[in-house]
Amino acid sequence: MQWKEFSCKELFEVRSNPQLNKDSFVFKENAPYPYFTRTCLNNGIAGYVEYLDEEHKIKGNAIAVGMLGMQFFYMQKDFYAGQFTKTIYPKFEHFNEKIALFFIAWLNQQQKVFQGVLVRDFEKIFNETKITLPIHKNHQIAFDFMESFIKALQKESLKQVDSYNQAKIKAHKEVLKA
């Protein structure tokens, strides 16, 4: 596998989000729209809200970032956002959750770099940031490799959780025998 450096500006477009205070929304447990904020907790989601309007609704299948924590999250569904948030849209096809997770893992490693700039300078610094990506022999980005890599990591994580649970069950059974 070959690797090639790209600027984030080549790959993504940063957009400011239409922002509303959370008091503008009706929060409900089973509401359909995530309300994304600058928090680093719960994938940046402060809760779920009812439909408000098209003007403030943000298109999903994108990466959202809270400007204070500079933590990046995948937003699968359309959502609404609070203050100091931005959305990053791919300039390429084939974008999905697995591809997003590949980029997010790398972007979140750059958190300190992004936190070191003022909110108003985020887009400039983001666009100038370089990322090295896998490419095929034809010099096209290897999105298939990126997806397979994330799937393998997820599978390995599930194995570790299962192994932990099995050890916990075994230990519990041994305590009951004693």
# chains A, B, ... in the order shown; residues from 1 in each chain; ligands from 1
$ residues_around --residues "Lys130 (chain A)" --least-positions-apart "4" --cutoff "9 Å" --atoms "only C-alpha atoms" --output "list of chain:residue names"
A:Glu5, A:Phe6, A:Ser7, A:Cys8, A:Lys9, A:Phe126
$ write_last_selection --atoms "C-alpha atoms" --output "compact mmCIF listing (two decimals), in the first residue's frame"
# COMPACT_ATOMS: atom_id res chain seq x y z
CA GLU A 5 -0.16 13.50 1.62
CA PHE A 6 -3.30 15.60 1.11
CA SER A 7 -4.36 18.93 2.57
CA CYS A 8 -7.66 18.88 4.42
CA LYS A 9 -8.82 21.64 2.04
CA PHE A 126 -7.85 23.04 9.30
$ closest_atom_pairs --of "region 12-56 of chain A" --to "region 81-97 of chain A" --cutoff "6 Å" --atoms "only C-alpha atoms" --output "JSON lines"
{"residue": "A:Phe12", "atom": "CA", "partner": "A:Pro90", "partner_atom": "CA", "distance": 4.5}
{"residue": "A:Glu13", "atom": "CA", "partner": "A:Tyr89", "partner_atom": "CA", "distance": 5.2}
{"residue": "A:Val14", "atom": "CA", "partner": "A:Ile88", "partner_atom": "CA", "distance": 4.6}
{"residue": "A:Arg15", "atom": "CA", "partner": "A:Thr87", "partner_atom": "CA", "distance": 5.3}
{"residue": "A:Ser16", "atom": "CA", "partner": "A:Lys86", "partner_atom": "CA", "distance": 4.7}
{"residue": "A:Asn17", "atom": "CA", "partner": "A:Lys86", "partner_atom": "CA", "distance": 5.3}
{"residue": "A:Gln19", "atom": "CA", "partner": "A:Gly82", "partner_atom": "CA", "distance": 5.0}
{"residue": "A:Leu20", "atom": "CA", "partner": "A:Gly82", "partner_atom": "CA", "distance": 5.4}
{"residue": "A:Asn21", "atom": "CA", "partner": "A:Gly82", "partner_atom": "CA", "distance": 5.9}
{"residue": "A:Tyr35", "atom": "CA", "partner": "A:Ala81", "partner_atom": "CA", "distance": 5.3}
{"residue": "A:Phe36", "atom": "CA", "partner": "A:Ala81", "partner_atom": "CA", "distance": 4.5}
{"residue": "A:Thr37", "atom": "CA", "partner": "A:Gly82", "partner_atom": "CA", "distance": 4.9}
$ residues_around --residues "Tyr48 (chain A)" --least-positions-apart "6" --cutoff "7 Å" --atoms "only C-alpha atoms" --output "PyMOL selection string"
chain A and resi 27-29+31-35
$ closest_residue --among "A:His139, A:Phe72, A:Thr132, A:Phe122" --to "Asn108 (chain A)" --atoms "only C-alpha atoms"
A:Phe72
$ residues_around --residues "region 141-152 of chain A" --least-positions-apart "5" --cutoff "7 Å" --atoms "only C-alpha atoms" --output "CSV table (one decimal) with N, CA, C and O atoms, in the first residue's frame"
chain,number,residue,atom,x,y,z
A,98,LYS,N,-17.8,4.5,8.2
A,98,LYS,CA,-16.4,3.9,8.4
A,98,LYS,C,-15.3,4.9,7.9
A,98,LYS,O,-14.3,5.0,8.6
A,99,ILE,N,-15.6,5.5,6.8
A,99,ILE,CA,-14.6,6.5,6.2
A,99,ILE,C,-14.5,7.6,7.2
A,99,ILE,O,-13.4,8.1,7.5
A,102,PHE,N,-12.3,6.8,10.2
A,102,PHE,CA,-10.9,6.8,9.8
A,102,PHE,C,-10.4,8.2,10.0
A,102,PHE,O,-9.3,8.4,10.6
A,133,LEU,N,-2.8,9.6,3.5
A,133,LEU,CA,-3.8,8.6,3.3
A,133,LEU,C,-3.3,7.5,2.4
A,133,LEU,O,-2.4,7.7,1.5
A,134,PRO,N,-3.9,6.3,2.5
A,134,PRO,CA,-3.5,5.2,1.6
A,134,PRO,C,-4.0,5.5,0.2
A,134,PRO,O,-5.1,6.0,0.1
A,135,ILE,N,-3.2,5.1,-0.8
A,135,ILE,CA,-3.7,5.2,-2.2
A,135,ILE,C,-3.4,3.9,-2.9
A,135,ILE,O,-2.6,3.1,-2.6
A,136,HIS,N,-4.2,3.8,-4.0
A,136,HIS,CA,-4.0,2.7,-4.9
A,136,HIS,C,-2.9,3.0,-5.9
A,136,HIS,O,-2.4,4.2,-6.0
$ closest_residue --among "A:Val161, A:Leu153, A:Ala46, A:Val175" --to "Leu101 (chain A)" --atoms "only C-alpha atoms"
A:Leu153
$ closest_residue --among "A:Gln166, A:Thr129, A:Asn30, A:Gln76" --to "Leu107 (chain A)" --atoms "only C-alpha atoms"
A:Thr129
$ select_by_dssp --residues "region 81-125 of chain A" --states "strand (DSSP E)" --output "PyMOL selection string"
chain A and resi 81+85-90
$ write_last_selection --atoms "all heavy atoms" --output "mmCIF file, in the first residue's frame"
data_model
loop_
_atom_site.group_PDB
_atom_site.id
_atom_site.type_symbol
_atom_site.label_atom_id
_atom_site.label_comp_id
_atom_site.auth_asym_id
_atom_site.auth_seq_id
_atom_site.Cartn_x
_atom_site.Cartn_y
_atom_site.Cartn_z
ATOM 1 N N ALA A 81 -27.681 22.403 15.691
ATOM 2 C CA ALA A 81 -26.451 22.650 16.449
ATOM 3 C C ALA A 81 -26.543 23.915 17.288
ATOM 4 O O ALA A 81 -27.282 24.848 16.958
ATOM 5 C CB ALA A 81 -25.265 22.755 15.501
ATOM 6 N N THR A 85 -19.970 25.670 16.855
ATOM 7 C CA THR A 85 -19.838 24.371 16.199
ATOM 8 C C THR A 85 -19.672 24.590 14.702
ATOM 9 O O THR A 85 -20.097 25.611 14.165
ATOM 10 C CB THR A 85 -21.063 23.473 16.448
ATOM 11 O OG1 THR A 85 -22.211 24.076 15.840
ATOM 12 C CG2 THR A 85 -21.306 23.260 17.931
ATOM 13 N N LYS A 86 -19.063 23.624 14.057
ATOM 14 C CA LYS A 86 -18.927 23.658 12.598
ATOM 15 C C LYS A 86 -19.161 22.246 12.071
ATOM 16 O O LYS A 86 -19.075 21.271 12.808
ATOM 17 C CB LYS A 86 -17.537 24.147 12.189
ATOM 18 C CG LYS A 86 -17.287 25.614 12.572
ATOM 19 C CD LYS A 86 -16.091 26.178 11.860
ATOM 20 C CE LYS A 86 -15.816 27.601 12.291
ATOM 21 N NZ LYS A 86 -16.699 28.583 11.722
ATOM 22 N N THR A 87 -19.461 22.179 10.783
ATOM 23 C CA THR A 87 -19.642 20.889 10.123
ATOM 24 C C THR A 87 -18.659 20.790 8.978
ATOM 25 O O THR A 87 -18.425 21.763 8.258
ATOM 26 C CB THR A 87 -21.088 20.723 9.624
ATOM 27 O OG1 THR A 87 -21.972 20.856 10.738
ATOM 28 C CG2 THR A 87 -21.296 19.355 8.994
ATOM 29 N N ILE A 88 -18.087 19.613 8.826
ATOM 30 C CA ILE A 88 -17.090 19.357 7.797
ATOM 31 C C ILE A 88 -17.679 18.348 6.816
ATOM 32 O O ILE A 88 -18.022 17.228 7.198
ATOM 33 C CB ILE A 88 -15.796 18.828 8.445
ATOM 34 C CG1 ILE A 88 -15.271 19.890 9.422
ATOM 35 C CG2 ILE A 88 -14.768 18.459 7.395
ATOM 36 C CD1 ILE A 88 -14.219 19.388 10.358
ATOM 37 N N TYR A 89 -17.808 18.794 5.559
ATOM 38 C CA TYR A 89 -18.391 17.945 4.515
ATOM 39 C C TYR A 89 -17.310 17.465 3.559
ATOM 40 O O TYR A 89 -16.431 18.239 3.168
ATOM 41 C CB TYR A 89 -19.451 18.721 3.732
ATOM 42 C CG TYR A 89 -20.684 19.010 4.547
ATOM 43 C CD1 TYR A 89 -20.876 20.255 5.143
ATOM 44 C CD2 TYR A 89 -21.656 18.030 4.726
ATOM 45 C CE1 TYR A 89 -22.006 20.512 5.899
ATOM 46 C CE2 TYR A 89 -22.783 18.285 5.485
ATOM 47 C CZ TYR A 89 -22.951 19.523 6.066
ATOM 48 O OH TYR A 89 -24.071 19.773 6.818
ATOM 49 N N PRO A 90 -17.392 16.197 3.146
ATOM 50 C CA PRO A 90 -16.398 15.664 2.208
ATOM 51 C C PRO A 90 -16.601 16.264 0.816
ATOM 52 O O PRO A 90 -17.727 16.562 0.409
ATOM 53 C CB PRO A 90 -16.699 14.168 2.198
ATOM 54 C CG PRO A 90 -18.146 14.079 2.534
ATOM 55 C CD PRO A 90 -18.411 15.202 3.490
#
$ select_by_dssp --residues "region 76-107 of chain A" --states "helix (DSSP H, G or I)" --output "list in words"
Glu97, Lys98, Ile99, Ala100, Leu101, Phe102, Phe103, Ile104, Ala105, Trp106 and Leu107 of chain A
$ residues_around --residues "Lys57 (chain A)" --least-positions-apart "2" --cutoff "7 Å" --atoms "only C-alpha atoms" --output "PDB file with N, CA and C atoms, in the first residue's frame"
ATOM      1  N   ASP A  53     -37.115  23.682  11.820  1.00  0.00           N
ATOM      2  CA  ASP A  53     -37.295  24.249  10.476  1.00  0.00           C
ATOM      3  C   ASP A  53     -36.132  23.799   9.591  1.00  0.00           C
ATOM      4  N   GLU A  54     -36.270  24.034   8.293  1.00  0.00           N
ATOM      5  CA  GLU A  54     -35.218  23.653   7.341  1.00  0.00           C
ATOM      6  C   GLU A  54     -34.040  24.617   7.411  1.00  0.00           C
ATOM      7  N   GLU A  55     -34.303  25.860   7.755  1.00  0.00           N
ATOM      8  CA  GLU A  55     -33.269  26.895   7.785  1.00  0.00           C
ATOM      9  C   GLU A  55     -32.125  26.553   8.746  1.00  0.00           C
ATOM     10  N   LYS A  59     -27.388  19.119   7.342  1.00  0.00           N
ATOM     11  CA  LYS A  59     -27.366  17.823   6.659  1.00  0.00           C
ATOM     12  C   LYS A  59     -26.377  16.869   7.327  1.00  0.00           C
ATOM     13  N   ASP A  78     -29.437  14.035   9.871  1.00  0.00           N
ATOM     14  CA  ASP A  78     -29.569  15.487   9.919  1.00  0.00           C
ATOM     15  C   ASP A  78     -29.672  15.900  11.381  1.00  0.00           C
ATOM     16  N   PHE A  79     -29.204  17.102  11.700  1.00  0.00           N
ATOM     17  CA  PHE A  79     -29.155  17.533  13.093  1.00  0.00           C
ATOM     18  C   PHE A  79     -29.280  19.049  13.202  1.00  0.00           C
ATOM     19  N   TYR A  80     -29.404  19.513  14.421  1.00  0.00           N
ATOM     20  CA  TYR A  80     -29.369  20.933  14.737  1.00  0.00           C
ATOM     21  C   TYR A  80     -28.140  21.155  15.607  1.00  0.00           C
TER      22      TYR A  80
END
$ atom_distance --atom1 "CA of Leu11 (chain A)" --atom2 "CA of Ile63 (chain A)"
12.3 Å
$ residues_around --residues "Leu118 (chain A)" --least-positions-apart "4" --cutoff "10 Å" --atoms "only C-alpha atoms" --output "CSV table (one decimal) with N, CA and C atoms, in the first residue's frame"
chain,number,residue,atom,x,y,z
A,67,MET,N,-16.2,23.7,18.8
A,67,MET,CA,-15.0,24.6,18.7
A,67,MET,C,-14.3,24.7,20.1
A,68,LEU,N,-14.9,24.5,21.2
A,68,LEU,CA,-14.1,24.6,22.4
A,68,LEU,C,-13.3,23.4,22.7
A,114,PHE,N,-5.5,22.1,17.0
A,114,PHE,CA,-6.7,22.9,16.8
A,114,PHE,C,-7.1,23.8,18.0
A,122,PHE,N,-9.9,28.6,13.0
A,122,PHE,CA,-10.0,27.2,12.9
A,122,PHE,C,-10.0,26.8,11.4
A,123,GLU,N,-10.8,27.4,10.6
A,123,GLU,CA,-11.0,27.0,9.2
A,123,GLU,C,-9.7,27.1,8.4
A,125,ILE,N,-6.5,27.0,9.7
A,125,ILE,CA,-5.6,26.0,10.1
A,125,ILE,C,-6.0,24.6,9.7
